[in-house]
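Asker: Next up is a structure, given as structure tokens.
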Amino acid sequence: MLPYLIESREPTVRLFELDDGRFQILDDAEVSPFLPGFGYLLVERRLADFFVENDVQRIVCENAVLFDRASGKEYKTHVRILVRQYFKPEEINDLDLEGPRLLTMNDEYYFVSPELKTLLQSASFEYFRFSRGLEGFAGTGS
């Protein structure tokens, strides 16, 4: 059994984490509901609530602030998800995937267990795209 790489079908904006904990929006574009990046994962509040309601294992939710320097506005529409289950690419075949799990590879790419994938699809989070194992990575031959 392999986890599924989870990605947004919608374009994502780049973010920069400021020293004060806010995330500065670097692109002039609509902010998508799923914002993965190196060392962070921000999601719309509805998705964070879904994770909590479904007892997704080994995550911590924190309020997040998105900052638009151009306008000076702050947005509190997203939640930071701290994922506490890490793995390296060579460990993908040895993961514990029982139950609803969110995992991170190299603290940059996010994966879900088969059970969490099914839950997300049945809850109509239609902005997600899933690929099994490392299929989404060029040249992996998985």
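Labels for the structure tokens follow display order: chains A, B, ..., residues from 1 in each chain, ligands from 1.
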For Phe23 in chain A, find every residue with an atom within 8 Å (counting only C-alpha atoms), except residues of its own chain fewer than 4 positions away, and show them as a PyMOL selection string.

Answerer: chain A and resi 15-18+64-67

Asker: Residues at most 8 Å from Arg69 in chain A, counting only C-alpha atoms, excluding those fewer than 2 positions away in the same chain, as JSON, numbers by chain?

Answerer: {"A": [24, 25, 67, 71, 72, 73]}

Asker: Now that the selection is made, can you save its residues with N, CA and C atoms as a short mmCIF file (atom, residue, chain, number, x, y, z; two decimals), in the first residue's frame?

Answerer:
data_model
loop_
_atom_site.label_atom_id
_atom_site.label_comp_id
_atom_site.auth_asym_id
_atom_site.auth_seq_id
_atom_site.Cartn_x
_atom_site.Cartn_y
_atom_site.Cartn_z
N GLN A 24 3.76 36.23 3.79
CA GLN A 24 3.62 37.28 2.79
C GLN A 24 3.29 36.64 1.45
N ILE A 25 2.28 37.16 0.78
CA ILE A 25 1.88 36.69 -0.54
C ILE A 25 2.82 37.33 -1.56
N PHE A 67 -0.42 37.92 4.44
CA PHE A 67 -0.16 39.36 4.39
C PHE A 67 0.11 39.78 2.95
N SER A 71 -1.16 45.96 -0.53
CA SER A 71 -2.34 46.64 0.01
C SER A 71 -2.25 46.86 1.51
N GLY A 72 -1.35 46.14 2.18
CA GLY A 72 -1.25 46.22 3.62
C GLY A 72 -2.30 45.39 4.34
N LYS A 73 -3.08 44.62 3.60
CA LYS A 73 -4.17 43.83 4.20
C LYS A 73 -3.66 42.49 4.72
#

Asker: For the atom pair CA of Asp19 in chain A and CA of Ile6 in chain A, what is the interatomic distance in Å to one decimal place?

Answerer: 28.0 Å

Asker: I'd like to know which of A:Gly37, A:Pro3, A:Gln57, A:Ala70 is closest to Phe87 in chain A, using only C-alpha atoms.

Answerer: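 Closest to Phe87 in chain A of all the choices is A:Pro3.
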
Asker: DSSP on the backbone, then: every residue of chain A marked strand (DSSP E), written as a PyMOL selection string.

Answerer: chain A and resi 4-8+15-17+23-25+34-37+40-44+59-63+66-68+73-75+78-83+86-87+102-105+109-112+128-132
